[in-house]
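Here is the structure we will look at, set down as C-alpha cells.
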There are 2 protein chains.
Amino acid sequence: MPVGSDGVVPAQHAGGPAGHSRDPLDAEDLRDRVHKTLDDFLARQSDVLDGVSDDLAPLMDSVGDLLRGGKRLRPAFCYWGWRGAGGEDTPEIVSVAAALELFQAAALIHDDVMDGSDTRRGMPAVHRRFAALHRGNRWLGSSQDFGVAGAILAGDLCLSWCDEMYAGSGLSAEHLAAGRAVFDLMRTELMCGQYLDMLEQVLASTSVERARHVILYKSAKYTVQQPLLLGGTLAGAPAGLLTTYDRYGRALGEAFQLRDDVLGVFGDPAATGKPAGDDLREGKRTVLVAVTLERCSPAQAALVRRSLGDPHLDVEGVGRLREVMTDSGALDVVEGMISDLSGQALASLDGVAPPAREVLGQLVAAATARSQ
Amino acid sequence: MPVGSDGVVPAQHAGGPAGHSRDPLDAEDLRDRVHKTLDDFLARQSDVLDGVSDDLAPLMDSVGDLLRGGKRLRPAFCYWGWRGAGGEDTPEIVSVAAALELFQAAALIHDDVMDGSDTRRGMPAVHRRFAALHRGNRWLGSSQDFGVAGAILAGDLCLSWCDEMYAGSGLSAEHLAAGRAVFDLMRTELMCGQYLDMLEQVLASTSVERARHVILYKSAKYTVQQPLLLGGTLAGAPAGLLTTYDRYGRALGEAFQLRDDVLGVFGDPAATGKPAGDDLREGKRTVLVAVTLERCSPAQAALVRRSLGDPHLDVEGVGRLREVMTDSGALDVVEGMISDLSGQALASLDGVAPPAREVLGQLVAAATARSQ
C-alpha cells in the first residue's frame with residue numbers, strides 16, 4: 001500500500017511531493033530513535049543485573065559500549081520495509097528495528113571469538129576486553145579463556161535480549177506472530193552462514209560460487225533481505241511488494257558484503273574500526289580472494305595461499321596481497337559486481353511508493369559506500 | 001485452582017482418589033512426549049538446514065544427539081507448574097516444557113566450552129566433537145578453535161530455537177505474553193549466574209555465602225523455580241500458589257545443585273555421564289569446596305588449594321580430595337543441607353492440590369537422588 005496516499009505518514013516525516021529528495025536528517029533521526037530505544041532497554045536490563053550482583057557491571061558495560069556504535073543499517077531496512085508497506089511511524093516498529101541491533105551485537109561478539117579478532121568498531125573485541133579485565137585484576141587462570149567465556153555470555157545475553165525486545169516491542173500479538181517466520185529463519189540461517197564461512201576457511205576453498213553462497217547466508221540475508229521482509233511482513237505487505245523486497249534485499253545484501261570484503265583488505269582502519277588486512281590474517285575465503293586466485297599467475301597464487309591466514313602478516317605483506325588483487329584485475333571484477341548488484345537493487349524499487357522508494361535508494365549507496 | 005475438581009484432567013492422567021500414589025509411568029510418559037515434541041521440532045529445523053547446505057549435517061547432529069539425553073527435569077517442573085494451577089494436559093504446554101530443554105542444551109554446550117569440559121551425557125562435549133571432525137578431515141588450522149566455533153554456533157542455534165519453540169508452542173498470545181516475564185528473566189539470570197560462577201573460579205573464592213548466591217542464579221532458578229513459575233504463570237496461577245512455587249523452587253533448586261556438586265566429586269561416571277572429579281579439575285568453587293575449606297586443617301586446606309583447578313589431577317588426587325571432604329565432615333554438612341532443603345521443598349507443597357502435589361513431591365527425590 002503506497003505511503004502518503006493514505007495519510008499514515010506523520011507531518012514530520014512527510015517528504016513533500018514524490019520525486020523530491022527527502023531531508024537527509026531523517027536517517028539521523030531514525031538512528032537517534034533506535035539508539036534511545038536501545039538505551040532504555042539496556043537501562044532496564046542493567047537494573048536486573050544490578051539486582052543479581054555488583055560484579056556484573058563489566059558484562060553490562062561490554063554490551064552497552066558495543067551497542068553505541070554501528071551504522072544501524074538493519075534497523076533502517078526493517079523500518080523502511082514497514083513504512084514501504086504502509087506502516088505508520090510508531091515507537092513499536094522502532095523497537096522491532098532496534099532488536100535487530102541486539103541480534104547483530106550477538107553475531108559480532110561471537111564472530112570475533114570465532115575469528116580471534118582483536119578489534120571491533122575501533123575498540124577491543126569483547127573477548128579481548130574480558131581478557132584485559134582478567135589480566136588487570138591478576139585473577140587466577142588463563143586471561144584468554146576468561147575472555148572467551150565472558151564474550152560467549154555477553155553474546156548469549158544479546159541473543160536472548162533480541163528476542164525479548166521483539167516480543168516486548170508493543171506490536172500486537174497478531175503482528176508479531178506474522179513476523180515470526182522471518183524472524184526465526186533469520187536467526188537460524190545466520191548461524192548456518194557462520195558455520196559455512198568457518199568451513200570455507202578450514203577447507204581453504206577457492207570457489208567463487210561457494211563464496212557467494214556463504215555471503216548470502218552469513219550476511220546478505222540478515223543484513224538487508226530479512227530485516228526488510230520482517231518490516232514488510234509485520235505491516236502486512238502484499239506478495240508483490242515482498243517479492244520486490246526479496247530481490248532488492250538479496251542483491252543489495254550481497255553488494256554490501258562484497259564491499260565489506262573489499263574494505264577488509266583495502267579499507268581505512270579509522271573508518272572500518274578494524275585493523276587493515278584483518279580478513280587476510282584470519283584467512284577469510286572471500287569472493288575477492290576466490291576471484292583473485294582465478295585470475296592471478298601461479299607465482300602470485302602461491303603468494304596468496306602462503307599469506308592468507310598468516311596471523312603475523314605485516315603491513316608489507318598486506319600491501320603485496322593488495323597489489324596482486326589490483327594487478328590481476330580481481331578488485332575491478334568485484335567492484336563491477338558491487339556496481340551491478342547495486343544497480344539491480346535500485347532497479348527493483350520501481351514499484352515501491354515514495355518516500356520508502358527514495359530512502360531505500362539512498363540505502364543502496366549507504367550500504368555499499370567505499371569509505372564505511 | 002485445584003486440578004481434579006474442575007474436570008480438566010483427562011482420564012488417562014487422572015490418578016484416582018487423592019492420596020493414592022500416581023502411576024510412576026506418568027513421568028516416563030511426559031518424558032516421551034517431550035522427546036517426541038523435540039524430535040518433530042528438530043526434524044523441521046533439519047529441513048531448513050538441508051535447504052541451506054549439505055555441509056550443515058554435523059551442526060544439526062551435534063544438537064540432536066545432545067538432546068536425546070537428559071532427565072527432562074525442567075520440562076517436568078514446567079508441566080506440573082501448569083497442571084498444579086489447573087492447566088489442562090495439552091500438547092501446547094508440552095511444547096513450552098520441551099523448549100526448556102533447548103535452553104538447557106544451549107547452556108550446556110556453551111558451559112562446556114567455558115569450562116573446557118571433555119564429556120557431556122557420556123558423549124564428547126560438542127566442542128570436542130567439532131574438534132574431532134576437524135582433525136578427522138585434516139582440515140586447515142586449529143582443531144580446537146574449530147571445535148569452539150562449532151559449539152558456539154550450536155549453542156546459539158539452541159538458544160534461538162528455545163524461543164522459537166516457546167513462541168510457536170500453540171498457546172494463545174495472551175498466555176505467552178503472561179509467561180514472558182518469567183521466560184525472559186530466566187534467560188538473563190542464567191547468563192548472570194554463569195558469569196558469577198566463572199568469576200568465583202578466577203577469584204578462588206572460599207565463601208560459602210557467595211557460592212550459595214551463585215548456585216541460585218546458575219542453577220536453582222532455571223532448573224526448578226523458573227520452569228515451575230513459567231508453567232504456573234501460563235496457567236494463570238493465583239499469587240498464593242506462585243509464592244508456593246517460588247519457595248519450593250528455590251529450596252529444591254539449591255538442593256539439586258548441591259547434589260550435582262557432590263556428584264561432581266563423588267559420583268559414578270557411568271551415571272553422571274562425566275568423568276569422576278571433573279569439577280575439581282575445572283576448579284569449581286562449589287559450596288562443598290567452601291565448606292571443606294572452612295572445616296579442614298591448614299595442611300588439608302593447602303592440599304585442596306593446590307589440587308583444585310589442576311587439569312592433570314589424577315584418580316589418586318581426586319581420592320585424596322574426597323578423603324578431606326569426608327574426614328572434615330564437609331560432605332555430611334552438605335548432605336545435611338540437601339536434606340534440609342528437600343524437606344523445606346516438600347513442606348511447602350501442603351497447599352498444592354493433587355495430583356501435582358504428589359508429582360512435585362516425587363520430583364524432590366528425583367532431583368536430589370544420590371545416583372543421578
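Order determines the names: the first chain of the C-alpha cells is A, the second B, and so forth; residues in each chain are numbered 1 upward, and ligands are numbered 1 upward as they are shown.
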
Return as a tab-separated table the residues of chain A lying at most 6 Å from chain B, together with the closest atom-to-atom pair for each and the distance in Å to one decimal, counting only C-alpha atoms, with rows in chain order and ascending residue number.
residue	atom	partner	partner_atom	distance
A:Met114	CA	B:Ala149	CA	5.1
A:Trp139	CA	B:Val202	CA	5.3
A:Leu140	CA	B:Val202	CA	4.5
A:Ala149	CA	B:Met114	CA	5.1
A:Leu153	CA	B:Met191	CA	5.9
A:Ala173	CA	B:Ala173	CA	5.8
A:Met191	CA	B:Leu153	CA	5.9
A:Val202	CA	B:Leu140	CA	4.5
A:Leu203	CA	B:Trp139	CA	5.9

Sel. of alpha helix (DSSP H) residues, region 136-222 of chain B, as an MDAnalysis selection string: chainID B and resid 136 143:167 173:203 208:215

Neighbours of region 310-316 of chain A within 8 Å (only C-alpha atoms; same-chain residues fewer than 4 positions away dropped), as a PyMOL selection string? chain A and resi 280-283+306+320

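Of the residues listed (A:Arg322, A:Arg129, A:Arg250, A:His175), A:Arg250 shows the shortest atom-to-atom separation from Ala345 (chain A); distances use only C-alpha atoms.
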